[in-house]
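J.: Structure: query.tsv, TSV, C-alpha atoms.
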```
chain	number	residue	atom	x	y	z
A	175	MET	CA	-4.44	108.74	73.14
A	176	ALA	CA	-3.71	110.71	70.09
A	177	ARG	CA	-1.27	109.31	67.68
A	178	LEU	CA	1.45	111.56	66.32
A	179	ASN	CA	0.88	113.30	63.05
A	180	VAL	CA	3.35	111.50	60.80
A	181	ASN	CA	3.31	109.83	57.40
A	182	PRO	CA	3.13	106.03	57.55
A	183	THR	CA	6.52	105.37	55.97
A	184	ARG	CA	9.43	103.21	56.97
A	185	MET	CA	11.57	106.23	57.63
A	186	GLU	CA	9.06	107.68	60.05
A	187	LEU	CA	8.68	104.29	61.68
A	188	ARG	CA	12.36	104.16	62.43
A	189	ARG	CA	12.33	107.71	63.71
A	190	VAL	CA	9.40	107.09	66.06
A	191	LYS	CA	10.97	103.89	67.35
A	192	ASP	CA	14.11	105.83	68.23
A	193	ARG	CA	12.01	108.37	70.04
A	194	LEU	CA	10.23	105.69	72.00
A	195	GLN	CA	13.52	104.17	73.04
A	196	THR	CA	14.81	107.51	74.28
A	197	ALA	CA	11.56	108.21	76.10
A	198	VAL	CA	11.64	104.88	77.90
A	199	LYS	CA	15.24	105.38	78.93
A	200	GLY	CA	14.54	108.93	80.09
A	201	HIS	CA	11.52	107.81	82.01
A	202	LYS	CA	13.50	105.25	83.94
A	203	LEU	CA	16.24	107.74	84.76
A	204	LEU	CA	13.81	110.42	85.88
A	205	LYS	CA	11.92	107.97	88.01
A	206	ASP	CA	15.11	106.93	89.77
A	207	LYS	CA	15.98	110.59	90.26
A	208	SER	CA	12.57	111.22	91.73
A	209	ASP	CA	12.94	108.39	94.24
A	210	GLU	CA	16.32	109.60	95.39
A	211	MET	CA	15.14	113.18	95.61
A	212	VAL	CA	12.23	112.24	97.84
A	213	ARG	CA	14.57	110.26	100.08
A	214	GLN	CA	16.93	113.23	100.47
A	215	PHE	CA	14.01	115.56	100.95
A	216	MET	CA	12.67	113.46	103.81
A	217	LEU	CA	16.01	113.54	105.58
A	218	LEU	CA	16.29	117.28	105.18
A	219	ILE	CA	12.73	118.10	106.14
A	220	ARG	CA	13.00	116.13	109.38
A	221	GLU	CA	16.17	118.03	110.17
A	222	ASN	CA	14.39	121.24	109.27
A	223	LYS	CA	11.51	120.51	111.59
A	224	ARG	CA	13.75	119.63	114.48
A	225	MET	CA	15.88	122.74	114.02
A	226	ARG	CA	12.90	125.02	113.69
A	227	GLU	CA	11.34	123.79	116.89
A	228	GLU	CA	14.64	124.28	118.67
A	229	VAL	CA	15.27	127.74	117.28
A	230	GLU	CA	11.73	128.93	117.85
A	231	SER	CA	11.72	128.03	121.51
A	232	GLU	CA	15.15	129.54	122.13
A	233	LEU	CA	14.37	132.66	120.16
A	234	ALA	CA	11.16	133.19	122.08
A	235	VAL	CA	13.11	133.19	125.32
A	236	ALA	CA	15.78	135.50	123.94
A	237	LEU	CA	13.33	137.98	122.49
A	238	ARG	CA	11.27	138.04	125.64
A	239	SER	CA	14.31	138.81	127.74
A	240	PHE	CA	15.30	141.52	125.29
A	241	MET	CA	11.89	143.07	125.58
A	242	LEU	CA	12.03	142.98	129.35
A	243	ALA	CA	15.48	144.54	129.25
A	244	ARG	CA	14.18	147.33	127.09
A	245	ALA	CA	11.29	147.89	129.38
A	246	SER	CA	13.41	148.10	132.47
A	247	SER	CA	15.68	150.85	131.23
A	248	ASP	CA	14.63	153.90	129.34
A	249	GLU	CA	14.05	153.48	125.66
A	250	GLU	CA	16.45	156.06	124.40
A	251	SER	CA	19.49	154.70	126.11
A	252	VAL	CA	18.80	151.19	124.87
A	253	GLU	CA	18.39	152.37	121.32
A	254	GLN	CA	21.48	154.46	121.63
A	255	ALA	CA	23.40	151.51	122.99
A	256	ILE	CA	22.64	149.16	120.15
A	257	SER	CA	22.13	151.56	117.28
A	258	MET	CA	25.80	151.38	116.35
A	259	PRO	CA	26.68	147.70	116.54
A	260	SER	CA	30.40	147.23	116.28
A	261	CYS	CA	30.23	143.54	115.60
A	262	ARG	CA	29.81	142.45	112.07
A	263	LEU	CA	28.84	139.04	110.87
A	264	ASP	CA	30.66	137.90	107.80
A	265	VAL	CA	28.62	135.40	105.88
A	266	LYS	CA	30.12	133.62	102.92
A	267	CYS	CA	27.41	132.38	100.65
A	268	GLY	CA	28.23	129.76	98.09
A	269	GLU	CA	26.14	127.22	96.31
A	270	LYS	CA	26.13	123.48	96.41
A	271	SER	CA	24.24	121.05	94.33
A	272	VAL	CA	21.73	118.63	95.81
A	273	MET	CA	20.32	116.37	93.12
A	274	GLY	CA	21.07	118.97	90.48
A	275	VAL	CA	19.41	121.78	92.38
A	276	ASP	CA	21.61	124.71	93.30
A	277	VAL	CA	20.95	125.26	96.97
A	278	PRO	CA	22.60	127.81	99.23
A	279	ASN	CA	25.62	126.85	101.23
A	280	ILE	CA	26.28	129.37	103.95
A	281	GLU	CA	29.52	129.60	105.81
A	282	ILE	CA	29.79	131.76	108.82
A	283	SER	CA	32.96	133.51	109.65
A	284	ARG	CA	33.07	134.54	113.24
A	285	LEU	CA	31.53	137.60	114.71
A	286	GLU	CA	33.97	140.42	114.49
A	287	GLY	CA	34.32	143.11	117.02
A	288	ASP	CA	32.91	143.69	120.42
A	289	LEU	CA	29.49	142.22	121.03
A	290	LEU	CA	28.57	144.82	123.61
A	291	PRO	CA	29.90	148.11	122.24
A	292	TYR	CA	28.30	150.38	124.78
A	293	ALA	CA	29.03	151.81	128.17
A	294	PHE	CA	27.74	149.39	130.73
A	295	PRO	CA	26.34	151.92	133.20
A	296	SER	CA	23.83	153.21	130.68
A	297	VAL	CA	21.79	150.03	130.45
A	298	THR	CA	20.86	147.15	132.66
A	299	GLY	CA	22.59	143.82	132.80
A	300	GLU	CA	19.58	142.08	131.36
A	301	LEU	CA	20.25	143.68	128.01
A	302	ASP	CA	23.77	142.24	127.98
A	303	LEU	CA	22.37	138.83	128.74
A	304	SER	CA	19.70	138.95	126.09
A	305	ILE	CA	22.11	140.14	123.44
A	306	ALA	CA	24.48	137.35	124.34
A	307	ARG	CA	21.60	134.91	124.04
A	308	ILE	CA	20.63	136.12	120.60
A	309	SER	CA	24.17	136.12	119.34
A	310	ARG	CA	24.55	132.50	120.44
A	311	LEU	CA	21.52	131.74	118.34
A	312	THR	CA	22.90	133.36	115.21
A	313	GLU	CA	24.67	130.33	113.87
A	314	LYS	CA	21.62	128.16	114.37
A	315	LEU	CA	19.45	130.72	112.65
A	316	LEU	CA	21.67	130.76	109.60
A	317	ARG	CA	21.85	126.99	109.52
A	318	LEU	CA	18.06	126.88	109.71
A	319	ALA	CA	17.77	129.40	106.88
A	320	GLU	CA	20.03	127.24	104.75
A	321	VAL	CA	18.19	123.99	105.47
A	322	GLU	CA	14.78	125.54	105.03
A	323	LYS	CA	15.74	127.05	101.69
A	324	THR	CA	17.12	123.69	100.57
A	325	CYS	CA	13.84	122.02	101.51
A	326	ASN	CA	11.81	124.64	99.67
A	327	MET	CA	13.84	124.26	96.51
A	328	LEU	CA	13.89	120.48	96.67
A	329	ALA	CA	10.13	120.36	97.14
A	330	ASN	CA	9.64	122.45	94.02
A	331	GLU	CA	12.08	120.30	92.10
A	332	VAL	CA	10.33	117.11	93.19
A	333	VAL	CA	7.06	118.48	91.87
A	334	LYS	CA	8.64	119.50	88.59
A	335	ASN	CA	10.31	116.13	88.20
A	336	ARG	CA	7.08	114.28	88.91
A	337	ARG	CA	5.34	116.19	86.15
A	338	ARG	CA	8.06	115.17	83.73
A	339	VAL	CA	7.83	111.52	84.74
A	340	ASN	CA	4.06	111.55	84.35
A	341	ALA	CA	4.21	113.32	81.01
A	342	LEU	CA	6.55	110.65	79.70
A	343	GLU	CA	4.66	107.76	81.23
A	344	TYR	CA	1.13	108.76	80.33
A	345	VAL	CA	1.52	110.85	77.19
A	346	MET	CA	4.78	110.48	75.32
A	347	ILE	CA	5.29	106.72	75.58
A	348	PRO	CA	1.69	105.65	74.78
A	349	ASP	CA	1.61	108.12	71.87
A	350	CYS	CA	4.78	106.67	70.39
A	351	GLU	CA	3.55	103.12	70.83
A	352	GLU	CA	0.28	103.89	69.14
A	353	THR	CA	2.00	105.63	66.26
A	354	ILE	CA	4.32	102.68	65.75
A	355	LYS	CA	1.32	100.34	65.67
A	356	TYR	CA	-0.45	102.60	63.20
A	357	ILE	CA	2.51	102.79	60.84
A	358	MET	CA	3.09	99.04	60.99
A	359	MET	CA	-0.54	98.35	60.16
A	360	LYS	CA	-0.49	100.81	57.26
A	361	LEU	CA	2.69	99.27	55.86
A	362	ASP	CA	1.29	95.73	56.19
A	363	GLU	CA	-1.89	96.84	54.51
A	364	ASN	CA	0.07	98.33	51.61
A	365	GLU	CA	2.06	95.15	51.22
A	366	ARG	CA	-1.07	93.02	51.13
A	367	SER	CA	-2.73	95.23	48.55
A	368	THR	CA	0.36	95.07	46.33
A	369	GLN	CA	0.33	91.30	46.60
A	370	ILE	CA	-3.32	91.08	45.65
A	371	ARG	CA	-2.82	93.43	42.72
A	372	LEU	CA	0.00	91.25	41.42
A	373	MET	CA	-2.14	88.14	41.78
A	374	LYS	CA	-5.00	89.83	39.98
A	375	VAL	CA	-2.76	90.93	37.11
A	376	LYS	CA	-1.25	87.48	36.87
A	377	SER	CA	-4.64	85.81	36.60
A	378	LEU	CA	-5.75	88.39	34.04
A	379	ILE	CA	-2.72	87.59	31.91
A	380	GLU	CA	-3.31	83.85	32.26
A	381	ASN	CA	-6.94	84.24	31.24
A	382	ALA	CA	-5.91	86.28	28.20
A	383	GLU	CA	-3.40	83.63	27.15
A	384	ASP	CA	-6.05	80.88	27.46
A	385	ILE	CA	-8.32	82.67	25.08
B	261	MET	CA	30.40	131.43	93.16
B	262	ILE	CA	31.18	132.55	96.68
B	263	LYS	CA	30.43	136.02	97.81
B	264	SER	CA	29.91	137.52	101.16
B	265	GLY	CA	26.44	138.54	102.15
B	266	LYS	CA	24.73	140.49	104.84
B	267	LEU	CA	21.88	139.75	107.16
B	268	ALA	CA	18.69	141.71	107.20
B	269	VAL	CA	15.70	141.68	109.50
B	270	ILE	CA	12.26	142.89	108.59
B	271	GLY	CA	9.82	143.28	111.41
B	272	ASP	CA	8.26	145.45	114.02
B	273	ILE	CA	10.62	147.63	115.97
B	274	ASP	CA	10.72	145.46	119.08
B	275	SER	CA	11.74	142.30	117.28
B	276	ALA	CA	14.03	143.96	114.77
B	277	LEU	CA	16.04	145.90	117.32
B	278	ALA	CA	17.17	142.73	119.05
B	279	PHE	CA	18.90	141.54	115.90
B	280	LYS	CA	20.60	144.83	115.33
B	281	ALA	CA	22.91	144.04	118.20
B	282	ILE	CA	24.36	141.04	116.39
B	283	GLY	CA	25.15	142.98	113.26
B	284	ALA	CA	22.08	142.49	111.11
B	285	GLU	CA	20.59	145.40	109.26
B	286	THR	CA	17.10	146.11	110.44
B	287	PHE	CA	14.20	147.34	108.40
B	288	GLU	CA	11.03	148.34	110.08
B	289	ALA	CA	7.87	147.44	108.27
B	290	ASP	CA	4.23	146.84	108.92
B	291	PHE	CA	1.52	144.97	107.06
B	292	SER	CA	1.09	147.62	104.40
B	293	ASP	CA	4.65	147.93	103.15
B	294	VAL	CA	6.37	144.65	104.05
B	295	LYS	CA	6.11	143.46	100.46
B	296	ASN	CA	7.85	146.52	99.08
B	297	VAL	CA	10.56	146.43	101.71
B	298	LEU	CA	11.22	142.75	101.05
B	299	MET	CA	11.31	143.13	97.28
B	300	ASP	CA	13.70	146.07	97.59
B	301	LEU	CA	16.05	143.91	99.63
B	302	VAL	CA	15.83	141.09	97.11
B	303	LYS	CA	16.56	143.44	94.24
B	304	LYS	CA	19.64	144.83	95.95
B	305	ASP	CA	21.10	141.33	95.92
B	306	GLU	CA	23.55	141.88	98.74
B	307	TYR	CA	21.76	140.03	101.49
B	308	ALA	CA	22.33	136.35	102.12
B	309	VAL	CA	19.63	135.84	104.68
B	310	VAL	CA	16.55	137.92	105.37
B	311	PHE	CA	14.62	137.24	108.54
B	312	VAL	CA	10.98	138.20	108.40
B	313	THR	CA	8.69	138.00	111.38
B	314	GLU	CA	5.95	135.43	110.99
B	315	GLN	CA	3.24	138.02	111.53
B	316	LEU	CA	4.43	139.92	108.47
B	317	ALA	CA	5.30	136.87	106.36
B	318	GLU	CA	1.77	135.60	106.74
B	319	THR	CA	0.38	138.62	104.96
B	320	ILE	CA	2.39	138.08	101.77
B	321	PRO	CA	2.05	134.38	100.91
B	322	GLU	CA	2.45	134.91	97.15
B	323	THR	CA	5.72	136.78	97.49
B	324	MET	CA	7.09	134.21	99.91
B	325	GLU	CA	6.15	131.40	97.52
B	326	GLU	CA	7.71	133.20	94.59
B	327	LEU	CA	11.00	133.74	96.38
B	328	LYS	CA	11.30	130.08	97.26
B	329	ASN	CA	12.57	129.39	93.76
B	330	GLN	CA	15.72	131.46	93.88
B	331	THR	CA	18.79	130.47	95.81
B	332	TYR	CA	19.52	133.79	97.45
B	333	PRO	CA	18.40	135.46	99.59
B	334	CYS	CA	17.13	132.87	102.02
B	335	ILE	CA	13.95	134.25	103.50
B	336	LEU	CA	13.35	132.86	106.95
B	337	PRO	CA	10.13	133.51	108.83
B	338	LEU	CA	10.79	133.82	112.54
B	339	PRO	CA	8.53	134.33	115.52
B	340	SER	CA	8.52	137.91	116.73
B	341	CYS	CA	8.59	138.99	120.33
B	342	ALA	CA	4.81	138.58	120.40
B	343	GLY	CA	5.26	134.84	120.05
B	344	SER	CA	4.98	132.31	117.26
B	345	THR	CA	1.95	132.11	115.01
B	346	GLY	CA	2.86	128.66	113.75
B	347	TYR	CA	3.52	129.97	110.27
B	348	GLY	CA	7.00	128.45	110.07
B	349	ALA	CA	5.82	125.00	111.09
B	350	LYS	CA	2.94	125.29	108.65
B	351	SER	CA	5.22	126.10	105.76
B	352	ILE	CA	7.31	123.00	106.51
B	353	ARG	CA	4.13	120.96	106.39
B	354	LYS	CA	3.18	122.57	103.11
B	355	ASP	CA	6.51	121.61	101.60
B	356	VAL	CA	6.03	118.01	102.63
B	357	GLU	CA	2.56	117.95	101.18
B	358	LYS	CA	3.84	119.42	97.96
B	359	ALA	CA	6.65	116.92	97.54
B	360	ILE	CA	5.14	113.72	98.90
B	361	GLY	CA	1.45	114.34	98.40
B	362	ALA	CA	0.49	113.87	102.03
B	363	ASP	CA	1.60	115.20	105.36
B	364	ILE	CA	3.57	112.30	106.78
B	365	LEU	CA	5.60	114.13	109.40
B	366	GLY	CA	3.01	113.65	112.11
B	367	ASP	CA	3.09	115.52	115.37
```
Once more with this new file: its structure as structure tokens, please.

T.:
Amino acid sequence: MARLNVNPTRMELRRVKDRLQTAVKGHKLLKDKSDEMVRQFMLLIRENKRMREEVESELAVALRSFMLARASSDEESVEQAISMPSCRLDVKCGEKSVMGVDVPNIEISRLEGDLLPYAFPSVTGELDLSIARISRLTEKLLRLAEVEKTCNMLANEVVKNRRRVNALEYVMIPDCEETIKYIMMKLDENERSTQIRLMKVKSLIENAEDI
Amino acid sequence: MIKSGKLAVIGDIDSALAFKAIGAETFEADFSDVKNVLMDLVKKDEYAVVFVTEQLAETIPETMEELKNQTYPCILPLPSCAGSTGYGAKSIRKDVEKAIGADILGD
């Protein structure tokens, strides 16, 4: 460990001691934060995993049926049918704070308009079904997006926080302690040398008086 | 700050078209230009959620990683109509490894 580059004076000693105190306090706080963050992260990531598995299986079914529906009627009419969707999804996106990280908070206002804005004779009924399936999934998809983003951001924050904790624990605090020791030893040494000098001078004077 | 956002889908035509019906904007892309399309959408800053098919997301790991740091848009890799590649599940695992140090979710 390298000691800090300071002059061995009382003033510096006091300053470094203050720094050490702050570092120790900060270290404790950050460590607590880290623990809590990991706990929250675990809750969220389990939720994330569960939701993803659910969404993936449902989406696979929905997309497959959509593909089949496209295949069973001619391509142009399908594209024509859904190229002008009349329903619009209004998504309000705010932010909320999880352990000091600003994560997305998505609110879904209902689907507006007609879900199937086309003339029914032009396409097969399978298309209607598959579109209905996908639209039922929409809310889950958005929820999943929100949770997954939260997990991503929390994971990054946990890493960042851990670096801070380690930097304090293994660099900052030992450095300060070593510097304090160094300054104390220097000051003690100075004191002793002053004492000896005084004693020397005193004995010199006494010797001179004797003669 | 609350604003309203839009949905976007980036993917091959078959997968993207399905989402068009529920009001998402669709952008067709393939391996060569998915990065540009995605970055354009991010720059526009009017999309809340961008769905990207797993097949395409897999080809741009750096961009996906980079975008994880900003709140919006949420980029969500989804299986396309060709089926799942397991990319989404893998990225969950990666997050756990990053945060905890080991994959403790199990199977």

J.: In terms of the shortest atom-to-atom distance over only C-alpha atoms, which of B:Ile273, B:Gly265, B:Phe279, B:Thr313 is closest to B:Leu301?

T.: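 Once distances to B:Leu301 are computed over only C-alpha atoms, the minimum belongs to B:Gly265.
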
J.: Report, in Å to a single decimal, how far apart atom CA of A:Gly268 and atom CA of B:Ile282 are.

T.: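 Result for atom CA of B:Ile282 versus atom CA of A:Gly268: 21.8 Å, one decimal.
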
J.: Between B:Asp293, B:Leu267, B:Asp305, B:Gln315, single out the one closest to B:Ala281, counting all atoms listed in the file.

T.: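 Result for the nearest residue to B:Ala281: B:Leu267.
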
J.: Extract, using all atoms listed in the file, all DNA, RNA and protein residues at most 10 Å from B:Tyr347, discarding same-chain residues fewer than 5 positions from it, and format them as a PyMOL selection string.

T.: chain B and resi 313-315+317-318+337-339+352-353

J.: Kindly provide, as a short mmCIF file (atom, residue, chain, number, x, y, z; two decimals) with C-alpha atoms, in the frame of the given file, the residues of chain B having any atom no farther than 10 Å from an atom of chain A, counting only C-alpha atoms.

T.:
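The resulting file, iface-v3.cif, is reproduced below:
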```cif
data_model
loop_
_atom_site.label_atom_id
_atom_site.label_comp_id
_atom_site.auth_asym_id
_atom_site.auth_seq_id
_atom_site.Cartn_x
_atom_site.Cartn_y
_atom_site.Cartn_z
CA MET B 261 30.40 131.43 93.16
CA ILE B 262 31.18 132.55 96.68
CA LYS B 263 30.43 136.02 97.81
CA SER B 264 29.91 137.52 101.16
CA GLY B 265 26.44 138.54 102.15
CA LYS B 266 24.73 140.49 104.84
CA LEU B 267 21.88 139.75 107.16
CA ASP B 274 10.72 145.46 119.08
CA SER B 275 11.74 142.30 117.28
CA ALA B 276 14.03 143.96 114.77
CA LEU B 277 16.04 145.90 117.32
CA ALA B 278 17.17 142.73 119.05
CA PHE B 279 18.90 141.54 115.90
CA LYS B 280 20.60 144.83 115.33
CA ALA B 281 22.91 144.04 118.20
CA ILE B 282 24.36 141.04 116.39
CA GLY B 283 25.15 142.98 113.26
CA ALA B 284 22.08 142.49 111.11
CA GLU B 285 20.59 145.40 109.26
CA TYR B 307 21.76 140.03 101.49
CA ALA B 308 22.33 136.35 102.12
CA VAL B 309 19.63 135.84 104.68
CA VAL B 310 16.55 137.92 105.37
CA PHE B 311 14.62 137.24 108.54
CA GLU B 325 6.15 131.40 97.52
CA LEU B 327 11.00 133.74 96.38
CA LYS B 328 11.30 130.08 97.26
CA ASN B 329 12.57 129.39 93.76
CA GLN B 330 15.72 131.46 93.88
CA THR B 331 18.79 130.47 95.81
CA TYR B 332 19.52 133.79 97.45
CA PRO B 333 18.40 135.46 99.59
CA CYS B 334 17.13 132.87 102.02
CA ILE B 335 13.95 134.25 103.50
CA LEU B 336 13.35 132.86 106.95
CA PRO B 337 10.13 133.51 108.83
CA LEU B 338 10.79 133.82 112.54
CA PRO B 339 8.53 134.33 115.52
CA SER B 340 8.52 137.91 116.73
CA CYS B 341 8.59 138.99 120.33
CA ALA B 342 4.81 138.58 120.40
CA GLY B 343 5.26 134.84 120.05
CA SER B 344 4.98 132.31 117.26
CA GLY B 346 2.86 128.66 113.75
CA GLY B 348 7.00 128.45 110.07
CA ALA B 349 5.82 125.00 111.09
CA SER B 351 5.22 126.10 105.76
CA ILE B 352 7.31 123.00 106.51
CA ARG B 353 4.13 120.96 106.39
CA LYS B 354 3.18 122.57 103.11
CA ASP B 355 6.51 121.61 101.60
CA VAL B 356 6.03 118.01 102.63
CA GLU B 357 2.56 117.95 101.18
CA LYS B 358 3.84 119.42 97.96
CA ALA B 359 6.65 116.92 97.54
CA ILE B 360 5.14 113.72 98.90
CA GLY B 361 1.45 114.34 98.40
CA ILE B 364 3.57 112.30 106.78
CA LEU B 365 5.60 114.13 109.40
#
```

J.: Under the rule that all atoms listed in the file are counted, which of B:Ala268, B:Lys350, B:Ala362, B:Thr345 is the nearest residue to B:Leu316?

T.: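 Selected residue with least distance to B:Leu316: B:Thr345.
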
J.: In Å to one decimal, how far is atom CA of A:Val339 from atom CA of A:Met359?

T.: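 Here the two named atoms are 29.1 Å from each other.
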
J.: Go ahead and compute the interatomic distance for atom CA of A:Lys199 and atom CA of A:Ser271, in Å to one decimal.

T.: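 That distance, rounded to one decimal, is 23.7 Å.
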
J.: List as a ChimeraX atom specification the protein and nucleic acid residues near A:Leu342, meaning an atom at most 9 Å away when all atoms listed in the file are counted, but skip any in the same chain fewer than 3 places from it.

T.: /A:197-198,200-201,337-339,345-348

J.: Could you give me, as a ChimeraX atom specification, the residues that sit within 10 Å of (10.4, 146.2, 104.2) in the file's coordinates, counting only C-alpha atoms?

T.: /B:268-271,286-301,312,316

J.: Show me, as a ChimeraX atom specification, the residues that have an atom within 12 Å of stretch 180-192 of chain A when counting only C-alpha atoms, minus same-chain residues fewer than 4 positions from it.

T.: /A:176,196-199,346-364
